[in-house]
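> After the structure tokens below, expect a handful of questions from me.
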Amino acid sequence: MESLKQAVWEANMELPQYGLVTFTWGNVSGIDRASGLVAIKPSGVPYAELRPEHIVIVDLQGNPVEDGLRPSSDTPTHVALYRAFEGIGGIVHTHSPWATSWAQAGRGIPALGTTHGDYFHGEIPCTRPMTEAEILGAYELETGNVIIETFRERGIDPNRVPAALVYSHAPFCWGKDAHNAVHNAVVVEEVAKMGLHTFQLNPEAGPMDRQLLDRHYLRKHGANAYYGQSQG
Ligand SMILES: O=C(CO)[C@@H](O)[C@@H](O)COP(=O)(O)O
């Protein structure tokens with residue numbers, strides 16, 4: 001578990017480095033699929049004070065398995081996604097401003113160009129609004145459930161579109177591990193910024209050509225793609 005804690009700490013520390021978090025508005029987790037244990041940022045700890053030993057280990061129900069700090073308030077969302085999306089190994093939640101603007105507008109980010117297509121095989125969806133019962137009930141668990149519902153109902157493969165916008169809230173992004181999830185969160189923020197500018201320049205802009213999207217997504221993520229390459 002120490003190596004997972006270290007990796008998850010490093011991934012968390014990348015959030016301020018890439019300008020994705022203000023104060024403590026975000027968290028990263030990673031999972032060890034063999035043991036079913038998840039490492040996640042503790043709740044409310046400023047990034048400047050975060051140390052590898054602060055990272056909290058929880059089970060797939062979100063229960064801490066060792067003494068330590070309180071896990072992120074978003075833990076039930078993270079573990080719901082790990083349970084439902086078996087191919088993922090890391091999750092990031094931020095309130096990064098460009099992606100959050102789309103979430104607040106209730107709009108998914110369409111695949112408008114090849115920057116998007118290199119990482120996401122289609123629109124990054126925005127969920128439906130959560131119901132009053134969901135908000136007043138097990139809110140963080142229901143946040144995960146509304147993301148899962150969005151992917152299932154729209155037939156979106158979470159391995160090909162590793163991000164979602166939660167309506168009136170913010171992005172959740174994921175990847176093969178915690179570091180890769182942060183990488184995808186950076187790309188979501190970039191395509192969110194570009195997308196808004198695209199619609200400002202041309203309100204009639206539409207999704208890119210499907211073959212161009214396939215060409216870009218599949219050439220970078222096809223059978224022979226090497227995960228972990230420079231990813232630049
Ligand atoms: O989404 C929110 C708040 O809206 C939380 O993710 C954010 O404040 C971080 O909470 P934690 O410090 O991880 O408990």
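Naming scheme: A, B, ... for chains in displayed order of the structure tokens; residues 1 onward per chain; ligands 1 onward as shown.
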Could you give me, as a Markdown table, a per-residue list for chain A showing, wherever an atom lies at most 10 Å from an atom of ligand 1, the closest pair of atoms and their distance in Å to one decimal, using only C-alpha atoms and all ligand atoms and sorting by chain then residue number from low to high?


```
| residue | atom | partner | partner_atom_place_in_ligand_line | distance |
| --- | --- | --- | --- | --- |
| A:Val21 | CA | ligand 1 | 7 (C) | 9.5 |
| A:Thr22 | CA | ligand 1 | 8 (O) | 9.6 |
| A:Phe23 | CA | ligand 1 | 8 (O) | 8.7 |
| A:Thr24 | CA | ligand 1 | 12 (O) | 5.5 |
| A:Trp25 | CA | ligand 1 | 7 (C) | 4.0 |
| A:Gly26 | CA | ligand 1 | 9 (C) | 4.6 |
| A:Asn27 | CA | ligand 1 | 13 (O) | 5.1 |
| A:Val28 | CA | ligand 1 | 13 (O) | 8.4 |
| A:Ile40 | CA | ligand 1 | 13 (O) | 8.6 |
| A:Lys41 | CA | ligand 1 | 13 (O) | 6.5 |
| A:Pro42 | CA | ligand 1 | 13 (O) | 6.3 |
| A:Ser43 | CA | ligand 1 | 12 (O) | 3.6 |
| A:Gly44 | CA | ligand 1 | 12 (O) | 3.6 |
| A:Val45 | CA | ligand 1 | 12 (O) | 6.4 |
| A:Pro46 | CA | ligand 1 | 12 (O) | 8.3 |
| A:Arg70 | CA | ligand 1 | 14 (O) | 8.4 |
| A:Pro71 | CA | ligand 1 | 14 (O) | 7.0 |
| A:Ser72 | CA | ligand 1 | 13 (O) | 3.7 |
| A:Ser73 | CA | ligand 1 | 14 (O) | 3.7 |
| A:Asp74 | CA | ligand 1 | 6 (O) | 5.7 |
| A:Thr75 | CA | ligand 1 | 13 (O) | 7.8 |
| A:Thr77 | CA | ligand 1 | 6 (O) | 9.8 |
| A:Val92 | CA | ligand 1 | 6 (O) | 9.5 |
| A:His93 | CA | ligand 1 | 6 (O) | 6.3 |
| A:Thr94 | CA | ligand 1 | 6 (O) | 6.5 |
| A:His95 | CA | ligand 1 | 1 (O) | 7.0 |
| A:Glu140 | CA | ligand 1 | 1 (O) | 9.1 |
| A:His169 | CA | ligand 1 | 4 (O) | 7.0 |
| A:Ala170 | CA | ligand 1 | 1 (O) | 7.3 |
| A:Pro171 | CA | ligand 1 | 1 (O) | 9.2 |
| A:Phe172 | CA | ligand 1 | 6 (O) | 9.6 |
```

> Counting only C-alpha atoms, figure out which residue out of A:His116, A:Arg83, A:Lys220, A:His183 gets nearest to A:Leu37.

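Among the listed residues, A:Arg83 lies closest to A:Leu37.
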
> Counting only C-alpha atoms, which residue out of A:Gly175, A:Leu141, A:Thr127, A:Gly30 sits closest to A:Gln61?

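For A:Gln61, the nearest of the candidates is A:Leu141.
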
> Which polymer residues have any atom within 9 Å of an atom of A:Glu190, counting only C-alpha atoms, with same-chain residues fewer than 4 positions away left out, as a list in words?

Trp98, Ala99, Thr115, His116, Ala185, Val186, Met194 and Gly195 of chain A

> May I have the selected residues written with C-alpha atoms, as an mmCIF file, in the first residue's frame?


```
data_model
loop_
_atom_site.group_PDB
_atom_site.id
_atom_site.type_symbol
_atom_site.label_atom_id
_atom_site.label_comp_id
_atom_site.auth_asym_id
_atom_site.auth_seq_id
_atom_site.Cartn_x
_atom_site.Cartn_y
_atom_site.Cartn_z
ATOM 1 C CA TRP A 98 -13.325 26.023 -17.568
ATOM 2 C CA ALA A 99 -14.716 22.519 -17.175
ATOM 3 C CA THR A 115 -7.103 17.960 -29.366
ATOM 4 C CA HIS A 116 -10.272 16.473 -27.922
ATOM 5 C CA ALA A 185 -8.179 16.198 -16.115
ATOM 6 C CA VAL A 186 -5.648 18.621 -17.583
ATOM 7 C CA MET A 194 -11.005 25.804 -26.277
ATOM 8 C CA GLY A 195 -14.636 24.750 -26.650
#
```

> When DSSP works through the backbone of this structure, what residues of stretch 48-130 of chain A end up as strand (DSSP E or B), shown as a list in words?

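Selection result, strand (DSSP E or B) within stretch 48-130 of chain A: Val56, Ile57, Val58, Pro64, Pro71, Gly90, Ile91, Val92, His93, Thr94, Ile109, Ile124 and Cys126 of chain A.
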
> Mind listing the helix (DSSP H, G or I) residues of stretch 29-229 of chain A, per DSSP on the backbone, as a PyMOL selection string?

chain A and resi 47-49+52-54+75-84+97-105+114-117+132-136+139-154+178-201+210-221
